[in-house]
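Okay, structure first, notes after.
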Amino acid sequence: MTRTALLCTAILLAGLTAPTVQAHDQHSHTTERPAPEDPQLTVERITDNLHVLFGPGGNIGVSSGPDGVVLIDDKFSRNAEEILYHVGQIAGENDELLFVINTHIHGDHTGSNPEMAEAGAMIMAHENVRIRMGESYMNKAFGRMNEAKSEDFWPVVTFTDEASLHFNGMTARAVHMPAAHTDGDSIVVFEEPNVIHMGDNLFLGMFPFVDVDSGGSMQGMIAAHDKALSLSDPRTVIIPGHGPITDAAGLREARDTLQTILERVQLRFEAGDSLEAILAAAPLDDMADMDGFIDRAGIITAAWRSLGGAFEGASAE
Ligand SMILES: [Zn+2]
């Protein structure tokens, strides 16, 4: 399929009214990029046409084939050169970047948007990603502002409920997950070869970040797990936003853990306990091995806020 036909298909499917997009006629020639001097990323092959880039920031899905390359997320700006190097290594002569689908707004998933657009990609995401990138708003969880991003980060193709890409003889569906990790999250379902990229609706083996300040909720994250499970079978490969590749059983375990956390906090919330009292009761101490970027206090607070509990906000560190 030609690039223009592909783009038009995507725009039709996304139900758009003439987005401001520029044609990228130049080929990125990423095959000519030198190997990185200080490698930060590692590559894992799922199939010949689907790979995952691990390393700093969110896990990147790399879908390749005769039409070119589609990336799911693009880590940080400092990783851009190395991402493009791996795209060239994986895709060879067919390394033309078609799209980057941002699973959500966070900077560890969208940090290379300007570099990927410069290399030829159309950036695509749920419409709330574009809206929030244009605004500055308070992040109470960390006690600081989320500053608006310059326009070169913004998605140029947006959708509301769902958009499908048809390329390389397969279909990839970006499906919006309302009020989940944020209010602009999508999971990406590769119908062939039966792979789901969860974005940050799955942190495997660690407490997840639930970004209530960006419209997220723990109930929505659990619903996102359920939606992905409904689309899975025992052979489905599940790519989390953070953590190693898993399967439907791993996804179900993560879902049940979140449900347990929410129920334990909800029980005390409904009994009238304050957030401070719940934190003091340490209801998640049997899950200490899941402490990481988000610790037990962080996930209890996220559950509390998801239930509608008042929260004045952390002080900036
Ligand atoms: Zn995130």
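Letters A, B, ... mark the chains of the structure tokens in the order given; residue numbers begin at 1 per chain; ligand numbers begin at 1, in order shown.
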
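Near ligand 1, at a distance of at most 10 Å and with only C-alpha atoms and all ligand atoms counted, sit the residues Gly57, Gly58, Thr103, His104, Ile105, His106, Gly107, Asp108, His109, Thr110, His181, Thr182, Asp185, Gly199, Asp200, Asn201, Leu202, Phe203, Pro208, Phe209, Val210, Asp211, Gly241 and His242 of chain A.
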
- Item | Filtered DSSP result for range 169-224 of chain A, state alpha helix (DSSP H), as a list in words | Met218, Gln219, Gly220, Met221, Ile222, Ala223 and Ala224 of chain A

How would the residues just picked look written out with C-alpha atoms as a PDB file, in the first residue's frame?
ATOM      1  CA  MET A 218      -7.756   2.401  39.254  1.00  0.00           C
ATOM      2  CA  GLN A 219     -11.215   1.175  38.259  1.00  0.00           C
ATOM      3  CA  GLY A 220     -10.462   2.184  34.662  1.00  0.00           C
ATOM      4  CA  MET A 221      -7.134   0.360  34.756  1.00  0.00           C
ATOM      5  CA  ILE A 222      -8.849  -2.795  35.981  1.00  0.00           C
ATOM      6  CA  ALA A 223     -11.394  -2.388  33.163  1.00  0.00           C
ATOM      7  CA  ALA A 224      -8.494  -2.072  30.700  1.00  0.00           C
TER       8      ALA A 224
END

- Task: Quick one: everything within 9 Å of range 273-286 of chain A, counting only C-alpha atoms, minus sequence neighbours fewer than 4 positions away in the same chain. Send it as a PyMOL selection string.
- Result: chain A and resi 261+264-265+268-269+296-297+300-301+304+309-311

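Here the question is which of A:Asn94, A:Gly308, A:Leu231, A:Ile299 gets nearest to Thr260 in chain A using only C-alpha atoms, and that residue is A:Ile299.
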
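Non-sequential neighbours of Asp213 in chain A (distance at most 7 Å, separation of 3 or more positions within a chain, only C-alpha atoms) are Asn139, Lys140 and Gly216 of chain A.
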
Write out, as a short mmCIF file (atom, residue, chain, number, x, y, z; two decimals), in the first residue's frame, the residues just selected, with C-alpha atoms.
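New file out18.cif:
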data_model
loop_
_atom_site.label_atom_id
_atom_site.label_comp_id
_atom_site.auth_asym_id
_atom_site.auth_seq_id
_atom_site.Cartn_x
_atom_site.Cartn_y
_atom_site.Cartn_z
CA ASN A 139 0.17 16.98 39.14
CA LYS A 140 -0.95 16.64 42.77
CA GLY A 216 -6.91 8.17 35.28
#

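With only C-alpha atoms as the atoms that count, the minimum distance from Asp161 in chain A to the choices A:Ile90, A:Ala180, A:Gly143, A:Glu127 is reached by A:Glu127.
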
- Message: Residues near Val189 in chain A, anyone? I mean within 7 Å using only C-alpha atoms, not counting same-chain ones fewer than 6 positions away, as a PyMOL selection string.
- Response: chain A and resi 172-174+195-197

- Given only C-alpha atoms as the counted atoms, nearest of A:Thr257, A:Ser186, A:Ser214, A:Ser64 to Arg45 in chain A: A:Ser64

- Using only C-alpha atoms, the best pick from A:Val175, A:Gly92, A:His86, A:Leu97 as closest to Leu71 in chain A would be A:Leu97

- Message: Applying 8 Å and only C-alpha atoms, which residues near Pro56 in chain A remain after dropping the ones on its own chain fewer than 3 positions away? List them as number ranges by chain.
- Response: A: 40-41, 75-76, 108

What would the file look like if the residues just selected were written as an mmCIF file, in the first residue's frame with C-alpha atoms?
data_model
loop_
_atom_site.group_PDB
_atom_site.id
_atom_site.type_symbol
_atom_site.label_atom_id
_atom_site.label_comp_id
_atom_site.auth_asym_id
_atom_site.auth_seq_id
_atom_site.Cartn_x
_atom_site.Cartn_y
_atom_site.Cartn_z
ATOM 1 C CA GLN A 40 20.766 1.684 26.485
ATOM 2 C CA LEU A 41 18.227 -0.499 24.698
ATOM 3 C CA LYS A 75 10.684 6.498 25.035
ATOM 4 C CA PHE A 76 12.758 9.639 25.738
ATOM 5 C CA ASP A 108 8.708 8.251 28.789
#

- Write out as JSON, numbers by chain the residues lying within 9 Å of Met124 in chain A, counting only C-alpha atoms and excluding same-chain residues fewer than 2 positions away. {"A": [99, 100, 101, 102, 103, 122, 126, 127, 154, 155, 156, 157, 158, 159]}

Pull N, CA and C atoms from the residues just selected and write them as a PDB file, in the first residue's frame.
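The resulting out_39.pdb:
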ATOM      1  N   PHE A  99       4.036   5.288  11.124  1.00  0.00           N
ATOM      2  CA  PHE A  99       3.315   5.870  12.258  1.00  0.00           C
ATOM      3  C   PHE A  99       4.045   5.569  13.557  1.00  0.00           C
ATOM      4  N   VAL A 100       3.870   6.477  14.535  1.00  0.00           N
ATOM      5  CA  VAL A 100       4.114   6.158  15.941  1.00  0.00           C
ATOM      6  C   VAL A 100       2.769   6.294  16.636  1.00  0.00           C
ATOM      7  N   ILE A 101       2.296   5.238  17.255  1.00  0.00           N
ATOM      8  CA  ILE A 101       1.097   5.334  18.088  1.00  0.00           C
ATOM      9  C   ILE A 101       1.560   5.584  19.516  1.00  0.00           C
ATOM     10  N   ASN A 102       1.162   6.715  20.088  1.00  0.00           N
ATOM     11  CA  ASN A 102       1.424   6.980  21.507  1.00  0.00           C
ATOM     12  C   ASN A 102       0.321   6.327  22.330  1.00  0.00           C
ATOM     13  N   THR A 103       0.688   5.413  23.236  1.00  0.00           N
ATOM     14  CA  THR A 103      -0.352   4.791  24.068  1.00  0.00           C
ATOM     15  C   THR A 103      -0.946   5.788  25.060  1.00  0.00           C
ATOM     16  N   MET A 122       4.099   9.707  11.167  1.00  0.00           N
ATOM     17  CA  MET A 122       2.920  10.436  11.611  1.00  0.00           C
ATOM     18  C   MET A 122       2.679  10.020  13.062  1.00  0.00           C
ATOM     19  N   HIS A 126      -4.926   8.922  21.005  1.00  0.00           N
ATOM     20  CA  HIS A 126      -6.260   9.375  21.406  1.00  0.00           C
ATOM     21  C   HIS A 126      -6.265  10.904  21.506  1.00  0.00           C
ATOM     22  N   GLU A 127      -7.421  11.521  21.233  1.00  0.00           N
ATOM     23  CA  GLU A 127      -7.475  12.980  21.165  1.00  0.00           C
ATOM     24  C   GLU A 127      -7.086  13.647  22.487  1.00  0.00           C
ATOM     25  N   TRP A 154       3.056  17.020  19.491  1.00  0.00           N
ATOM     26  CA  TRP A 154       1.627  16.683  19.460  1.00  0.00           C
ATOM     27  C   TRP A 154       1.307  15.667  18.375  1.00  0.00           C
ATOM     28  N   PRO A 155       0.389  14.722  18.680  1.00  0.00           N
ATOM     29  CA  PRO A 155      -0.096  13.823  17.631  1.00  0.00           C
ATOM     30  C   PRO A 155      -0.785  14.623  16.526  1.00  0.00           C
ATOM     31  N   VAL A 156      -0.597  14.209  15.277  1.00  0.00           N
ATOM     32  CA  VAL A 156      -1.257  14.878  14.149  1.00  0.00           C
ATOM     33  C   VAL A 156      -2.438  14.057  13.632  1.00  0.00           C
ATOM     34  N   VAL A 157      -2.547  12.819  14.071  1.00  0.00           N
ATOM     35  CA  VAL A 157      -3.726  12.002  13.776  1.00  0.00           C
ATOM     36  C   VAL A 157      -4.307  11.593  15.120  1.00  0.00           C
ATOM     37  N   THR A 158      -5.559  11.991  15.381  1.00  0.00           N
ATOM     38  CA  THR A 158      -6.177  11.631  16.660  1.00  0.00           C
ATOM     39  C   THR A 158      -7.477  10.889  16.413  1.00  0.00           C
ATOM     40  N   PHE A 159      -7.905  10.158  17.423  1.00  0.00           N
ATOM     41  CA  PHE A 159      -9.146   9.387  17.325  1.00  0.00           C
ATOM     42  C   PHE A 159      -9.857   9.434  18.669  1.00  0.00           C
TER      43      PHE A 159
END

- Query: Among range 26-192 of chain A, which ones does DSSP place in strand (DSSP E or B), written as number ranges by chain?
  - Reply: A: 42-47, 50-54, 60-63, 69-72, 97-101, 122-126, 137-139, 144-146, 157-159, 162-167, 170-177, 185-190

I need the residues from that last selection saved to file as a PDB file, in the first residue's frame (with C-alpha atoms), if you can.
ATOM      1  CA  THR A  42      17.793  -4.221  24.216  1.00  0.00           C
ATOM      2  CA  VAL A  43      15.702  -5.956  21.541  1.00  0.00           C
ATOM      3  CA  GLU A  44      13.404  -8.937  21.999  1.00  0.00           C
ATOM      4  CA  ARG A  45      11.888 -10.704  18.993  1.00  0.00           C
ATOM      5  CA  ILE A  46       8.254 -11.847  19.211  1.00  0.00           C
ATOM      6  CA  THR A  47       7.950 -12.702  15.491  1.00  0.00           C
ATOM      7  CA  LEU A  50       7.196  -7.682  15.711  1.00  0.00           C
ATOM      8  CA  HIS A  51       9.913  -6.751  18.179  1.00  0.00           C
ATOM      9  CA  VAL A  52      10.079  -4.971  21.541  1.00  0.00           C
ATOM     10  CA  LEU A  53      12.708  -2.412  22.585  1.00  0.00           C
ATOM     11  CA  PHE A  54      13.403  -2.469  26.323  1.00  0.00           C
ATOM     12  CA  ILE A  60       8.430   0.114  22.428  1.00  0.00           C
ATOM     13  CA  GLY A  61       6.616  -2.183  19.996  1.00  0.00           C
ATOM     14  CA  VAL A  62       8.254  -2.287  16.538  1.00  0.00           C
ATOM     15  CA  SER A  63       5.994  -3.642  13.778  1.00  0.00           C
ATOM     16  CA  VAL A  69       7.502   0.402  10.260  1.00  0.00           C
ATOM     17  CA  VAL A  70       4.951   1.339  12.904  1.00  0.00           C
ATOM     18  CA  LEU A  71       6.180   2.053  16.439  1.00  0.00           C
ATOM     19  CA  ILE A  72       4.145   1.845  19.611  1.00  0.00           C
ATOM     20  CA  LEU A  97       8.640   5.070   9.478  1.00  0.00           C
ATOM     21  CA  LEU A  98       4.886   5.201   8.871  1.00  0.00           C
ATOM     22  CA  PHE A  99       3.315   5.870  12.258  1.00  0.00           C
ATOM     23  CA  VAL A 100       4.114   6.158  15.941  1.00  0.00           C
ATOM     24  CA  ILE A 101       1.097   5.334  18.088  1.00  0.00           C
ATOM     25  CA  MET A 122       2.920  10.436  11.611  1.00  0.00           C
ATOM     26  CA  ILE A 123       2.269  10.661  15.360  1.00  0.00           C
ATOM     27  CA  MET A 124      -1.080   9.177  16.292  1.00  0.00           C
ATOM     28  CA  ALA A 125      -2.948   8.976  19.633  1.00  0.00           C
ATOM     29  CA  HIS A 126      -6.260   9.375  21.406  1.00  0.00           C
ATOM     30  CA  TYR A 137      -1.915  21.360  34.725  1.00  0.00           C
ATOM     31  CA  MET A 138      -1.135  20.421  38.300  1.00  0.00           C
ATOM     32  CA  ASN A 139       0.170  16.978  39.138  1.00  0.00           C
ATOM     33  CA  ARG A 144       4.511  19.816  40.510  1.00  0.00           C
ATOM     34  CA  MET A 145       3.120  21.121  37.251  1.00  0.00           C
ATOM     35  CA  ASN A 146       2.815  19.061  34.089  1.00  0.00           C
ATOM     36  CA  VAL A 157      -3.726  12.002  13.776  1.00  0.00           C
ATOM     37  CA  THR A 158      -6.177  11.631  16.660  1.00  0.00           C
ATOM     38  CA  PHE A 159      -9.146   9.387  17.325  1.00  0.00           C
ATOM     39  CA  GLU A 162     -10.717   3.356  18.211  1.00  0.00           C
ATOM     40  CA  ALA A 163      -8.615   3.480  15.051  1.00  0.00           C
ATOM     41  CA  SER A 164      -7.315   0.661  12.880  1.00  0.00           C
ATOM     42  CA  LEU A 165      -4.147   0.561  10.796  1.00  0.00           C
ATOM     43  CA  HIS A 166      -3.941  -1.872   7.900  1.00  0.00           C
ATOM     44  CA  PHE A 167      -0.363  -2.412   6.805  1.00  0.00           C
ATOM     45  CA  MET A 170      -2.143  -7.205   9.094  1.00  0.00           C
ATOM     46  CA  THR A 171      -4.437  -5.100  11.242  1.00  0.00           C
ATOM     47  CA  ALA A 172      -3.447  -3.143  14.335  1.00  0.00           C
ATOM     48  CA  ARG A 173      -6.262  -1.631  16.383  1.00  0.00           C
ATOM     49  CA  ALA A 174      -5.653   1.200  18.849  1.00  0.00           C
ATOM     50  CA  VAL A 175      -8.500   0.938  21.350  1.00  0.00           C
ATOM     51  CA  HIS A 176      -9.190   3.754  23.834  1.00  0.00           C
ATOM     52  CA  MET A 177      -9.351   2.783  27.514  1.00  0.00           C
ATOM     53  CA  ASP A 185      -4.831   5.724  26.994  1.00  0.00           C
ATOM     54  CA  SER A 186      -5.043   3.167  24.225  1.00  0.00           C
ATOM     55  CA  ILE A 187      -4.037  -0.458  24.051  1.00  0.00           C
ATOM     56  CA  VAL A 188      -2.848  -1.645  20.648  1.00  0.00           C
ATOM     57  CA  VAL A 189      -4.204  -4.978  19.467  1.00  0.00           C
ATOM     58  CA  PHE A 190      -2.251  -6.717  16.689  1.00  0.00           C
TER      59      PHE A 190
END
